[in-house]
$ cat target-v3.cif   # mmCIF, C-alpha atoms
data_structure
#
loop_
_atom_site.group_PDB
_atom_site.id
_atom_site.type_symbol
_atom_site.label_atom_id
_atom_site.label_comp_id
_atom_site.auth_asym_id
_atom_site.auth_seq_id
_atom_site.Cartn_x
_atom_site.Cartn_y
_atom_site.Cartn_z
ATOM 1 C CA ARG A 167 8.587 -18.638 -19.121
ATOM 2 C CA VAL A 168 5.042 -19.042 -17.851
ATOM 3 C CA ILE A 169 4.180 -17.423 -14.530
ATOM 4 C CA GLU A 170 1.108 -18.498 -12.605
ATOM 5 C CA ASP A 171 -0.769 -15.301 -11.769
ATOM 6 C CA SER A 172 -4.286 -16.338 -10.732
ATOM 7 C CA ILE A 173 -3.985 -14.766 -7.275
ATOM 8 C CA ASN A 174 -2.838 -11.471 -8.763
ATOM 9 C CA ARG A 175 -5.696 -11.536 -11.288
ATOM 10 C CA ALA A 176 -8.177 -12.289 -8.495
ATOM 11 C CA TYR A 177 -6.912 -9.283 -6.506
ATOM 12 C CA ILE A 178 -7.234 -7.023 -9.551
ATOM 13 C CA ASN A 179 -10.739 -8.244 -10.379
ATOM 14 C CA THR A 180 -11.811 -7.741 -6.758
ATOM 15 C CA ILE A 181 -10.324 -4.246 -6.599
ATOM 16 C CA ARG A 182 -11.997 -3.244 -9.851
ATOM 17 C CA ALA A 183 -15.357 -4.588 -8.628
ATOM 18 C CA ALA A 184 -15.210 -2.837 -5.226
ATOM 19 C CA GLU A 185 -18.087 -0.436 -4.680
ATOM 20 C CA ARG A 186 -17.537 1.317 -1.334
ATOM 21 C CA PHE A 187 -14.313 0.098 0.251
ATOM 22 C CA ILE A 188 -11.295 -2.186 0.084
ATOM 23 C CA TYR A 189 -9.831 -3.939 3.107
ATOM 24 C CA MET A 190 -6.497 -5.660 2.607
ATOM 25 C CA GLU A 191 -3.901 -7.212 4.889
ATOM 26 C CA ASN A 192 -0.453 -7.846 3.475
ATOM 27 C CA GLN A 193 2.961 -8.460 5.004
ATOM 28 C CA TYR A 194 4.753 -6.822 2.066
ATOM 29 C CA PHE A 195 2.677 -4.013 0.605
ATOM 30 C CA LEU A 196 4.861 -2.740 -2.194
ATOM 31 C CA GLY A 197 4.771 -2.655 -5.948
ATOM 32 C CA SER A 198 3.995 -0.594 -9.028
ATOM 33 C CA ALA A 199 7.620 0.585 -9.100
ATOM 34 C CA TYR A 200 7.110 1.877 -12.639
ATOM 35 C CA ALA A 201 5.046 4.700 -11.058
ATOM 36 C CA TRP A 202 7.473 5.659 -8.275
ATOM 37 C CA GLU A 203 9.232 9.020 -8.475
ATOM 38 C CA THR A 204 12.606 7.283 -7.964
ATOM 39 C CA ASP A 205 13.964 3.764 -8.489
ATOM 40 C CA GLN A 206 11.500 2.994 -11.269
ATOM 41 C CA LYS A 207 13.746 0.209 -12.544
ATOM 42 C CA VAL A 208 13.431 -1.804 -9.319
ATOM 43 C CA ASN A 209 12.011 -5.237 -10.076
ATOM 44 C CA CYS A 210 8.815 -4.640 -8.115
ATOM 45 C CA HIS A 211 6.200 -4.213 -10.785
ATOM 46 C CA HIS A 212 3.036 -5.985 -9.705
ATOM 47 C CA THR A 213 0.137 -3.618 -10.098
ATOM 48 C CA ILE A 214 -1.972 -4.066 -6.945
ATOM 49 C CA PRO A 215 -1.035 -0.672 -5.387
ATOM 50 C CA ALA A 216 -1.606 1.175 -8.679
ATOM 51 C CA GLU A 217 -4.932 -0.643 -9.128
ATOM 52 C CA ILE A 218 -6.078 0.487 -5.669
ATOM 53 C CA ALA A 219 -4.978 4.072 -6.340
ATOM 54 C CA GLU A 220 -6.735 4.047 -9.724
ATOM 55 C CA LYS A 221 -9.938 2.712 -8.173
ATOM 56 C CA ILE A 222 -9.883 5.553 -5.645
ATOM 57 C CA VAL A 223 -9.216 8.109 -8.399
ATOM 58 C CA GLU A 224 -12.201 6.766 -10.361
ATOM 59 C CA LYS A 225 -14.425 7.139 -7.293
ATOM 60 C CA ILE A 226 -13.168 10.692 -6.657
ATOM 61 C CA ARG A 227 -13.941 11.658 -10.274
ATOM 62 C CA ALA A 228 -17.422 10.094 -9.946
ATOM 63 C CA ASP A 229 -17.918 11.998 -6.661
ATOM 64 C CA GLU A 230 -18.602 8.721 -4.844
ATOM 65 C CA GLU A 231 -17.582 7.779 -1.313
ATOM 66 C CA PHE A 232 -14.824 5.203 -1.139
ATOM 67 C CA ILE A 233 -11.989 4.207 1.178
ATOM 68 C CA ALA A 234 -9.219 1.629 1.147
ATOM 69 C CA TYR A 235 -7.908 0.216 4.422
ATOM 70 C CA ILE A 236 -4.506 -1.440 4.146
ATOM 71 C CA VAL A 237 -3.153 -3.311 7.179
ATOM 72 C CA ILE A 238 0.579 -4.019 7.252
ATOM 73 C CA PRO A 239 3.080 -4.905 9.974
ATOM 74 C CA LEU A 240 5.242 -2.139 11.411
ATOM 75 C CA HIS A 241 8.165 -3.861 9.717
ATOM 76 C CA PRO A 242 8.457 -7.124 7.781
ATOM 77 C CA GLU A 243 9.603 -10.280 9.497
ATOM 78 C CA GLY A 244 13.283 -10.127 10.389
ATOM 79 C CA ASP A 245 15.684 -7.689 12.000
ATOM 80 C CA PRO A 246 14.473 -4.195 11.069
ATOM 81 C CA ALA A 247 18.049 -2.862 11.240
ATOM 82 C CA THR A 248 19.313 -5.083 8.394
ATOM 83 C CA ALA A 249 19.795 -3.772 4.875
ATOM 84 C CA PRO A 250 17.228 -6.112 3.231
ATOM 85 C CA ILE A 251 14.463 -5.086 5.641
ATOM 86 C CA GLN A 252 15.376 -1.411 5.269
ATOM 87 C CA GLU A 253 15.185 -1.813 1.476
ATOM 88 C CA ILE A 254 11.723 -3.383 1.740
ATOM 89 C CA LEU A 255 10.595 -0.518 3.989
ATOM 90 C CA ALA A 256 11.983 2.028 1.505
ATOM 91 C CA TRP A 257 10.068 0.349 -1.340
ATOM 92 C CA GLN A 258 6.955 0.305 0.801
ATOM 93 C CA ARG A 259 7.310 4.060 1.464
ATOM 94 C CA ARG A 260 7.714 4.714 -2.266
ATOM 95 C CA THR A 261 4.609 2.655 -2.962
ATOM 96 C CA MET A 262 2.552 4.605 -0.407
ATOM 97 C CA ASP A 263 3.931 7.902 -1.670
ATOM 98 C CA MET A 264 2.940 7.053 -5.248
ATOM 99 C CA MET A 265 -0.579 6.150 -4.148
ATOM 100 C CA TYR A 266 -1.118 9.269 -2.024
ATOM 101 C CA LYS A 267 0.234 11.539 -4.783
ATOM 102 C CA ARG A 268 -2.137 10.069 -7.377
ATOM 103 C CA ILE A 269 -5.070 10.495 -5.014
ATOM 104 C CA GLY A 270 -4.002 14.036 -4.059
ATOM 105 C CA HIS A 271 -3.709 14.979 -7.730
ATOM 106 C CA ALA A 272 -7.235 13.699 -8.412
ATOM 107 C CA LEU A 273 -8.596 15.629 -5.430
ATOM 108 C CA ARG A 274 -6.962 18.863 -6.653
ATOM 109 C CA GLN A 275 -8.355 18.291 -10.159
ATOM 110 C CA GLN A 276 -11.840 17.953 -8.662
ATOM 111 C CA GLY A 277 -11.364 21.070 -6.521
ATOM 112 C CA SER A 278 -11.915 18.993 -3.404
ATOM 113 C CA ALA A 279 -10.807 20.056 0.059
ATOM 114 C CA ALA A 280 -10.573 16.394 1.087
ATOM 115 C CA HIS A 281 -7.250 14.847 2.099
ATOM 116 C CA PRO A 282 -5.827 11.688 0.482
ATOM 117 C CA THR A 283 -6.100 9.916 3.851
ATOM 118 C CA ASP A 284 -9.866 10.357 3.603
ATOM 119 C CA TYR A 285 -9.634 7.731 0.832
ATOM 120 C CA LEU A 286 -6.571 5.636 1.704
ATOM 121 C CA GLN A 287 -5.466 4.609 5.181
ATOM 122 C CA PHE A 288 -2.599 2.395 6.282
ATOM 123 C CA PHE A 289 -2.607 0.688 9.658
ATOM 124 C CA CYS A 290 0.468 -0.931 11.191
ATOM 125 C CA LEU A 291 -0.092 -3.705 13.668
ATOM 126 C CA VAL A 292 2.430 -4.040 16.453
ATOM 127 C CA LYS A 293 2.954 -6.643 19.137
ATOM 128 C CA LYS A 294 3.853 -4.731 22.263
ATOM 129 C CA GLU A 295 6.271 -6.596 24.499
ATOM 130 C CA ASP A 296 5.964 -6.696 28.253
ATOM 131 C CA GLU A 297 8.773 -4.903 30.057
ATOM 132 C CA GLU A 298 10.382 -8.209 31.105
ATOM 133 C CA ASP A 299 10.546 -9.296 27.428
ATOM 134 C CA ILE A 300 12.763 -6.364 26.425
ATOM 135 C CA PRO A 301 16.514 -7.210 26.406
ATOM 136 C CA GLU A 302 18.434 -5.331 29.081
ATOM 137 C CA GLU A 303 20.937 -3.927 26.554
ATOM 138 C CA LEU A 304 18.140 -1.890 24.991
#
$ encode --input "target-v3.cif" --output "structure tokens"
Amino acid sequence: RVIEDSINRAYINTIRAAERFIYMENQYFLGSAYAWETDQKVNCHHTIPAEIAEKIVEKIRADEEFIAYIVIPLHPEGDPATAPIQEILAWQRRTMDMMYKRIGHALRQQGSAAHPTDYLQFFCLVKKEDEEDIPEEL
């Protein structure tokens, strides 16, 4: 089976070519399950998160300034209380955890006092409702 992967390859090439920062917006920022501490057999193996973490690790080892800004929604589209959305959020947490641990490990190896969030930051955009838009039962 042939899978069209030009967008994925473009992301990877762009990440690898980044010199000072990465800015990315994505509704579903998850992947690289093979590197998670748990659930490594989950079918979520695209490598974008691991590529970003590896780029940051390379910059830490080269003692160069670098930061990745990742913008994601507070929760994916849909009812956040449903099992599928909760599963996506759990995978997203595992993805972030994997990235921060790799960066933290590289910082410790370099003897750096920096924090992983000095190199990787996630921002969650939220649409705040007006009071009259909130259902009364809440």
$ closest_atom_pairs --input "target-v3.cif" --of "stretch 170-269 of chain A" --to "stretch 281-294 of chain A" --cutoff "7 Å" --atoms "only C-alpha atoms" --output "JSON lines"
{"residue": "A:Ile222", "atom": "CA", "partner": "A:Tyr285", "partner_atom": "CA", "distance": 6.8}
{"residue": "A:Phe232", "atom": "CA", "partner": "A:Tyr285", "partner_atom": "CA", "distance": 6.1}
{"residue": "A:Ile233", "atom": "CA", "partner": "A:Tyr285", "partner_atom": "CA", "distance": 4.3}
{"residue": "A:Ala234", "atom": "CA", "partner": "A:Leu286", "partner_atom": "CA", "distance": 4.8}
{"residue": "A:Tyr235", "atom": "CA", "partner": "A:Gln287", "partner_atom": "CA", "distance": 5.1}
{"residue": "A:Ile236", "atom": "CA", "partner": "A:Phe288", "partner_atom": "CA", "distance": 4.8}
{"residue": "A:Val237", "atom": "CA", "partner": "A:Phe289", "partner_atom": "CA", "distance": 4.7}
{"residue": "A:Ile238", "atom": "CA", "partner": "A:Cys290", "partner_atom": "CA", "distance": 5.0}
{"residue": "A:Pro239", "atom": "CA", "partner": "A:Cys290", "partner_atom": "CA", "distance": 4.9}
{"residue": "A:Leu240", "atom": "CA", "partner": "A:Cys290", "partner_atom": "CA", "distance": 4.9}
{"residue": "A:Tyr266", "atom": "CA", "partner": "A:Pro282", "partner_atom": "CA", "distance": 5.9}
{"residue": "A:Ile269", "atom": "CA", "partner": "A:Pro282", "partner_atom": "CA", "distance": 5.7}
$ residues_around --input "target-v3.cif" --residues "A:Lys221" --least-positions-apart "5" --cutoff "10 Å" --atoms "all atoms listed in the file" --output "number ranges by chain"
A: 181-185, 187-188, 215-216, 226, 232-234, 269
$ atom_distance --input "target-v3.cif" --atom1 "atom CA of A:Gln258" --atom2 "atom CA of A:Gly197"
7.7 Å
$ resolve_selection --input "target-v3.cif" --expression "the PyMOL selection byres ((chain A and resi 254) around 12)" --output "MDAnalysis selection string"
chainID A and resid 193:197 208:210 240:253 255:261
$ atom_distance --input "target-v3.cif" --atom1 "atom CA of A:His212" --atom2 "atom CA of A:Tyr189"
18.3 Å
$ residues_around --input "target-v3.cif" --residues "A:Asn174" --least-positions-apart "6" --cutoff "10 Å" --atoms "all atoms listed in the file" --output "ChimeraX atom specification"
/A:180,212-214
$ axis_aligned_box --input "target-v3.cif" --around "stretch 175-192 of chain A" --padding-each-side "8 Å" --output "lines of an AutoDock Vina configuration file"
center_x = -9.3
center_y = -5.5
center_z = -3.2
size_x = 33.6
size_y = 29.6
size_z = 32.2
$ atom_distance --input "target-v3.cif" --atom1 "atom CA of A:Ala272" --atom2 "atom CA of A:Arg227"
7.3 Å
